[in-house]
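Participant: Questions regarding the structure given below will be posed in turn.
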Amino acid sequence: MDAQNLSQRLETVAEFVPKGARVADIGSDHGYLPAALALRKRIAYAVAGEVVKGPYENAVREIQKLNLANIIQARLADGLAAIEDADQIDTITIAGMGGALITQILDAHPEKLTGVARLILQPNVGEARLRTWLMNHRFQIMAEKMIAEDGHTYEIIVAEPSIVPFRYSKYELTFGPFLLEKHSPVFDKKWHGELQRQKTVLQQMSHASQPPVKKIRQQEEYIALIKETLNNDDR
C-alpha cells in the first residue's frame, strides 16, 4: 500500500472526505491517506499527526517524495494536539485504532473540535463505545459503512455536530443505525461469527467452579440482542 494504492479500508475513509476539506489525519502513520487525497486534488490542506517518531518520519518522507509539503504538514504530537488554530481544520479522520483510544483522543483536546464539521472514524474494536461518545457529545452519525478486508471486518463511522439533542437505542449503539438498516452480507457474517464466539464464552463461564452470575446475565442479554438483530434479516 502507498498513497497511489490505498487499502480498501482507507479508500472507504477517503470516500467520506468532503471536496476542498481541511483535514487532520490523526495517527497518520506514513501519511498515505492525506497524500492520496492531495494527489487527487480532493483537499485544500492537511495535517498528518503522529505521536510515534518512526511513523512521523515515514510521513515526512512520503510527503517530501510526492512534493506535497505545500499542502500537507506532518506533525509529531499526541492526538489532536497536532492541530493548530491557523490550520482551520474542518474534517478529522482517525483510522485503525480501538474505539476506546479514539474516544480518549477526542476527549483529551475538546477545544480542537471547535469548527470541525465532520469526524470520519474507523475503530478496529469498541464501536459501541465510540457511538456512545458521539451521542453524548452531540455528534450525530450521518453515514456508516462496513467492509471486509484481509480477514478483518471494519466499520467506518461518519459524524457531524448537531445543535439538536438526539438519542440512539441500545441496538443502534451496538450495531450502528445505518448498518442496521441495510443488513449487508458483511454485517450478517460479522454478527453470526460474534454470536458463536459469545456462546462459547457463555459456556465457559457457566462451567466455571464459581460461575460469575452477573457476567453470565450480561452475556445472555448480549447474545439475545445479537439473535434478535439477526432474526430481523427479512424486515
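Chain labels run A, B, ... following the order of the C-alpha cells; each chain numbers its residues from 1, and ligands are numbered from 1 in the order shown.
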Which of range 8-223 of chain A counts as alpha helix (DSSP H) under DSSP, as a ChimeraX atom specification please?
Facilitator: /A:8-15,32-39,53-65,99-108,127-136,170-175,177-182,185-206,213-223
Participant: Rounded to one decimal in Å, what is the spacing between CA of Val125 in chain A and CA of Thr229 in chain A?
Facilitator: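 Straight-line distance from CA of Val125 in chain A to CA of Thr229 in chain A works out to 19.2 Å.
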Participant: Counting only C-alpha atoms, which of A:Gly176, A:Gly98, A:Gly151, A:Gly54 gets nearest to Arg131 in chain A?
Facilitator: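 Result for the nearest residue to Arg131 in chain A: A:Gly176.
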Participant: Closest to Val13 in chain A among A:Asp25, A:Asp188, A:Glu228, A:Glu181, using only C-alpha atoms?
Facilitator: A:Asp25
Participant: Please report, as a Markdown table, each residue of range 109-168 of chain A lying at most 9 Å from range 84-88 of chain A, together with the nearest pair of atoms and the separation in Å rounded to one decimal; use only C-alpha atoms, and order rows by chain and ascending residue number.
Facilitator:
```
| residue | atom | partner | partner_atom | distance |
| --- | --- | --- | --- | --- |
| A:Lys112 | CA | A:Asp85 | CA | 8.0 |
| A:Gly115 | CA | A:Gln88 | CA | 7.7 |
| A:Val116 | CA | A:Gln88 | CA | 8.5 |
```
Participant: Print the selection's residues with N, CA and C atoms to a file, as an mmCIF file, in the first residue's frame.
Facilitator:
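Output contents, as saved in part.cif:
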```cif
data_model
loop_
_atom_site.group_PDB
_atom_site.id
_atom_site.type_symbol
_atom_site.label_atom_id
_atom_site.label_comp_id
_atom_site.auth_asym_id
_atom_site.auth_seq_id
_atom_site.Cartn_x
_atom_site.Cartn_y
_atom_site.Cartn_z
ATOM 1 N N LYS A 112 -10.135 21.493 20.320
ATOM 2 C CA LYS A 112 -9.715 21.304 18.928
ATOM 3 C C LYS A 112 -10.878 20.907 18.020
ATOM 4 N N GLY A 115 -15.285 24.164 15.364
ATOM 5 C CA GLY A 115 -15.164 24.447 13.939
ATOM 6 C C GLY A 115 -15.071 23.208 13.069
ATOM 7 N N VAL A 116 -14.956 22.038 13.693
ATOM 8 C CA VAL A 116 -14.885 20.788 12.924
ATOM 9 C C VAL A 116 -16.296 20.397 12.484
#
```
Participant: Please list as an NGL selection string every residue within 7 Å of range 40-44 of chain A, counting only C-alpha atoms and excluding residues in the same chain fewer than 4 positions away.
Facilitator: :A and (19-22 or 36 or 71)
Participant: Residues at most 8 Å from range 72-81 of chain A, counting only C-alpha atoms, excluding those fewer than 4 positions away in the same chain, as a list in words?
Facilitator: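 Counting only C-alpha atoms, the residues come to Ile26, Gly27, Gly31, Pro34, Ala35, Ala38, Tyr45, Ala46, Val47, Ala48, Gly49, Glu50, Val51, Val52, Lys53, Tyr56, Ala59, Val60, Ile63, Leu68, Ile105, Leu106, Ala108, His109 and Lys112 of chain A.
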Participant: Could the residues in this selection be written to a file with N, CA, C and O atoms, as a tab-separated table (two decimals), in the first residue's frame?
Facilitator:
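As a result, result.tsv now contains:
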```tsv
chain	number	residue	atom	x	y	z
A	26	ILE	N	-5.29	11.90	12.15
A	26	ILE	CA	-4.62	11.62	13.42
A	26	ILE	C	-4.22	10.15	13.47
A	26	ILE	O	-5.03	9.26	13.26
A	27	GLY	N	-2.94	9.92	13.77
A	27	GLY	CA	-2.40	8.57	13.69
A	27	GLY	C	-2.15	8.21	12.24
A	27	GLY	O	-2.54	7.16	11.75
A	31	GLY	N	1.29	8.67	6.35
A	31	GLY	CA	0.64	9.81	5.71
A	31	GLY	C	-0.01	9.45	4.39
A	31	GLY	O	-0.30	10.33	3.56
A	34	PRO	N	-3.80	11.32	3.73
A	34	PRO	CA	-3.80	12.70	3.26
A	34	PRO	C	-3.04	12.88	1.96
A	34	PRO	O	-3.42	13.71	1.12
A	35	ALA	N	-1.99	12.09	1.75
A	35	ALA	CA	-1.23	12.19	0.50
A	35	ALA	C	-2.09	11.78	-0.69
A	35	ALA	O	-2.09	12.44	-1.73
A	38	ALA	N	-4.56	14.54	-1.39
A	38	ALA	CA	-3.91	15.69	-2.02
A	38	ALA	C	-3.61	15.41	-3.49
A	38	ALA	O	-3.82	16.27	-4.35
A	45	TYR	N	-5.97	21.29	2.25
A	45	TYR	CA	-4.87	21.32	3.22
A	45	TYR	C	-5.02	20.11	4.14
A	45	TYR	O	-6.14	19.62	4.35
A	46	ALA	N	-3.90	19.64	4.70
A	46	ALA	CA	-3.98	18.53	5.64
A	46	ALA	C	-2.84	18.58	6.66
A	46	ALA	O	-1.74	19.05	6.37
A	47	VAL	N	-3.15	18.08	7.84
A	47	VAL	CA	-2.15	17.83	8.87
A	47	VAL	C	-2.09	16.32	9.05
A	47	VAL	O	-3.12	15.66	9.19
A	48	ALA	N	-0.88	15.78	9.01
A	48	ALA	CA	-0.68	14.35	9.28
A	48	ALA	C	-0.07	14.25	10.67
A	48	ALA	O	1.13	14.49	10.86
A	49	GLY	N	-0.88	13.93	11.65
A	49	GLY	CA	-0.43	13.87	13.04
A	49	GLY	C	-0.02	12.47	13.45
A	49	GLY	O	-0.72	11.51	13.14
A	50	GLU	N	1.11	12.36	14.13
A	50	GLU	CA	1.59	11.06	14.58
A	50	GLU	C	2.34	11.23	15.90
A	50	GLU	O	3.17	12.12	16.03
A	51	VAL	N	2.03	10.38	16.86
A	51	VAL	CA	2.62	10.50	18.20
A	51	VAL	C	3.94	9.74	18.32
A	51	VAL	O	4.74	10.01	19.22
A	52	VAL	N	4.19	8.80	17.41
A	52	VAL	CA	5.41	7.98	17.45
A	52	VAL	C	6.41	8.50	16.42
A	52	VAL	O	6.04	8.76	15.26
A	53	LYS	N	7.66	8.60	16.82
A	53	LYS	CA	8.67	9.23	15.96
A	53	LYS	C	8.87	8.51	14.63
A	53	LYS	O	8.95	9.14	13.57
A	56	TYR	N	6.03	9.10	12.23
A	56	TYR	CA	6.08	10.52	11.86
A	56	TYR	C	7.14	10.74	10.79
A	56	TYR	O	6.89	11.44	9.79
A	59	ALA	N	5.96	9.60	7.47
A	59	ALA	CA	5.05	10.55	6.85
A	59	ALA	C	5.81	11.71	6.22
A	59	ALA	O	5.50	12.15	5.10
A	60	VAL	N	6.84	12.21	6.92
A	60	VAL	CA	7.66	13.31	6.39
A	60	VAL	C	8.29	12.90	5.06
A	60	VAL	O	8.26	13.65	4.07
A	63	ILE	N	5.62	12.65	2.23
A	63	ILE	CA	5.19	13.99	1.80
A	63	ILE	C	6.25	14.64	0.92
A	63	ILE	O	5.94	15.23	-0.13
A	68	LEU	N	4.48	17.24	-1.74
A	68	LEU	CA	3.21	17.71	-1.21
A	68	LEU	C	3.36	18.59	0.04
A	68	LEU	O	2.38	18.85	0.74
A	105	ILE	N	-8.66	10.19	22.58
A	105	ILE	CA	-8.05	11.24	21.74
A	105	ILE	C	-9.01	12.42	21.60
A	105	ILE	O	-8.60	13.58	21.72
A	106	LEU	N	-10.28	12.14	21.36
A	106	LEU	CA	-11.27	13.20	21.20
A	106	LEU	C	-11.50	13.95	22.52
A	106	LEU	O	-11.71	15.16	22.53
A	108	ALA	N	-9.33	14.33	24.98
A	108	ALA	CA	-8.14	14.99	25.50
A	108	ALA	C	-8.07	16.48	25.13
A	108	ALA	O	-7.52	17.29	25.90
A	109	HIS	N	-8.57	16.83	23.96
A	109	HIS	CA	-8.49	18.23	23.49
A	109	HIS	C	-9.82	18.65	22.87
A	109	HIS	O	-9.90	18.88	21.65
A	112	LYS	N	-10.13	21.49	20.32
A	112	LYS	CA	-9.72	21.30	18.93
A	112	LYS	C	-10.88	20.91	18.02
A	112	LYS	O	-10.75	20.93	16.79
```
Participant: Can you work out which one of A:Ile83, A:Val213, A:Leu121, A:Leu113 has the shortest atom-to-atom distance to Leu101 in chain A, counting only C-alpha atoms?
Facilitator: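 Once distances to Leu101 in chain A are computed over only C-alpha atoms, the minimum belongs to A:Leu121.
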Participant: Which residue out of A:Gly99, A:Pro110, A:Pro123, A:Pro211 has the minimum interatomic distance to Leu10 in chain A when only C-alpha atoms are used?
Facilitator: A:Pro123
Participant: Leaving out Lys227 in chain A and any residue of its chain fewer than 6 positions from it, which residues lie within 10 Å of it when counting only C-alpha atoms, given as a list in words?
Facilitator: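 Here the answer would be Trp191, His192, Leu195 and Glu221 of chain A.
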Participant: Identify all residues of range 18-218 of chain A in strand (DSSP E) (DSSP on the backbone) and supply them as a VMD selection string.
Facilitator: chain A and resid 21 to 26 43 to 50 72 to 76 91 to 97 118 to 123 139 to 149 152 to 161
Participant: Would you mind listing what lies within 12 Å of Glu144 in chain A as a CSV table (one decimal) with N, CA and C atoms, in the first residue's frame, with only C-alpha atoms counted and same-chain residues fewer than 2 positions away left out?
Facilitator:
```
chain,number,residue,atom,x,y,z
A,12,THR,N,-12.2,3.7,1.8
A,12,THR,CA,-13.6,4.0,2.3
A,12,THR,C,-13.6,5.2,3.1
A,13,VAL,N,-12.6,5.4,4.0
A,13,VAL,CA,-12.5,6.6,4.8
A,13,VAL,C,-12.4,7.8,3.8
A,15,GLU,N,-13.5,8.2,0.9
A,15,GLU,CA,-14.8,8.5,0.2
A,15,GLU,C,-15.6,9.5,0.9
A,16,PHE,N,-15.5,9.6,2.2
A,16,PHE,CA,-16.3,10.4,3.1
A,16,PHE,C,-15.7,11.8,3.3
A,119,LEU,N,-16.4,14.3,11.5
A,119,LEU,CA,-15.5,13.3,12.0
A,119,LEU,C,-15.7,12.0,11.2
A,120,ILE,N,-14.5,11.5,10.7
A,120,ILE,CA,-14.6,10.2,10.0
A,120,ILE,C,-13.7,9.2,10.7
A,121,LEU,N,-14.4,8.2,11.4
A,121,LEU,CA,-13.7,7.4,12.3
A,121,LEU,C,-13.8,5.9,11.9
A,122,GLN,N,-12.7,5.2,12.1
A,122,GLN,CA,-12.7,3.8,11.7
A,122,GLN,C,-12.0,3.0,12.9
A,123,PRO,N,-12.9,2.7,13.9
A,123,PRO,CA,-12.4,1.9,15.0
A,123,PRO,C,-12.2,0.4,14.6
A,127,GLU,N,-16.8,-0.3,18.8
A,127,GLU,CA,-17.6,0.6,18.0
A,127,GLU,C,-18.8,1.2,18.9
A,131,ARG,N,-19.7,5.1,19.5
A,131,ARG,CA,-21.0,5.7,19.1
A,131,ARG,C,-21.6,6.3,20.4
A,140,GLN,N,-23.8,13.7,15.6
A,140,GLN,CA,-24.8,12.8,15.0
A,140,GLN,C,-24.2,11.9,13.9
A,141,ILE,N,-24.5,10.7,13.9
A,141,ILE,CA,-24.0,9.8,12.9
A,141,ILE,C,-24.7,10.0,11.6
A,142,MET,N,-24.0,10.4,10.5
A,142,MET,CA,-24.6,10.7,9.2
A,142,MET,C,-24.5,9.6,8.2
A,146,MET,N,-19.6,-0.8,6.4
A,146,MET,CA,-18.9,-1.9,6.9
A,146,MET,C,-18.2,-2.6,5.7
A,147,ILE,N,-16.9,-2.9,5.9
A,147,ILE,CA,-16.2,-3.6,4.8
A,147,ILE,C,-15.4,-4.8,5.4
A,154,TYR,N,-14.2,-4.1,9.2
A,154,TYR,CA,-14.0,-2.7,9.6
A,154,TYR,C,-15.3,-1.9,9.5
A,155,GLU,N,-15.6,-1.1,10.4
A,155,GLU,CA,-16.7,-0.1,10.4
A,155,GLU,C,-16.2,1.3,10.3
A,156,ILE,N,-16.7,2.0,9.3
A,156,ILE,CA,-16.4,3.4,9.2
A,156,ILE,C,-17.6,4.2,9.6
A,157,ILE,N,-17.4,5.2,10.5
A,157,ILE,CA,-18.5,6.0,11.1
A,157,ILE,C,-18.3,7.4,10.8
A,158,VAL,N,-19.2,8.1,10.2
A,158,VAL,CA,-19.1,9.5,9.8
A,158,VAL,C,-20.1,10.2,10.7
A,159,ALA,N,-19.6,11.3,11.4
A,159,ALA,CA,-20.5,12.0,12.3
A,159,ALA,C,-20.3,13.5,12.2
A,172,GLU,N,-28.9,0.5,18.2
A,172,GLU,CA,-28.2,1.4,17.3
A,172,GLU,C,-26.8,1.6,17.8
A,175,PHE,N,-25.0,-1.9,17.0
A,175,PHE,CA,-24.9,-2.4,15.6
A,175,PHE,C,-24.7,-1.3,14.6
A,176,GLY,N,-25.0,-0.1,15.0
A,176,GLY,CA,-24.9,1.1,14.1
A,176,GLY,C,-26.2,1.4,13.4
A,177,PRO,N,-26.7,2.6,13.5
A,177,PRO,CA,-28.1,2.9,13.0
A,177,PRO,C,-28.2,2.7,11.5
A,178,PHE,N,-27.2,3.1,10.7
A,178,PHE,CA,-27.2,2.9,9.3
A,178,PHE,C,-26.9,1.5,8.9
A,179,LEU,N,-26.0,0.8,9.6
A,179,LEU,CA,-25.7,-0.6,9.3
A,179,LEU,C,-26.9,-1.5,9.6
A,180,LEU,N,-27.7,-1.2,10.6
A,180,LEU,CA,-28.9,-1.9,10.9
A,180,LEU,C,-29.9,-1.9,9.8
A,181,GLU,N,-30.0,-0.7,9.1
A,181,GLU,CA,-31.0,-0.6,8.0
A,181,GLU,C,-30.7,-1.5,6.9
A,182,LYS,N,-29.4,-1.7,6.6
A,182,LYS,CA,-29.0,-2.4,5.4
A,182,LYS,C,-28.8,-3.9,5.6
A,183,HIS,N,-28.3,-4.3,6.7
A,183,HIS,CA,-28.0,-5.7,7.0
A,183,HIS,C,-27.3,-6.3,5.8
A,184,SER,N,-26.1,-5.8,5.4
A,184,SER,CA,-25.4,-6.3,4.3
A,184,SER,C,-24.8,-7.7,4.6
A,187,PHE,N,-22.2,-7.5,7.2
A,187,PHE,CA,-22.8,-7.3,8.6
A,187,PHE,C,-23.3,-8.6,9.1
```
Participant: Pick out the closest residue to Val23 in chain A from this set: A:Gln8, A:Ser206, A:Thr93, A:Asn70. Count only C-alpha atoms.
Facilitator: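 Distance minimum relative to Val23 in chain A lands on A:Thr93.
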Participant: May I ask for the distance between CA of Asp90 in chain A and CA of Arg118 in chain A, given in Å to one decimal place?
Facilitator: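 CA of Arg118 in chain A lies at a distance of 6.6 Å from CA of Asp90 in chain A.
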Participant: Give me the residues near His137 in chain A as a PyMOL selection string, where near means some atom within 10 Å (using only C-alpha atoms) and where sequence neighbours in that chain fewer than 2 positions away do not count.
Facilitator: chain A and resi 107+110+131-135+139-140+161-162+165
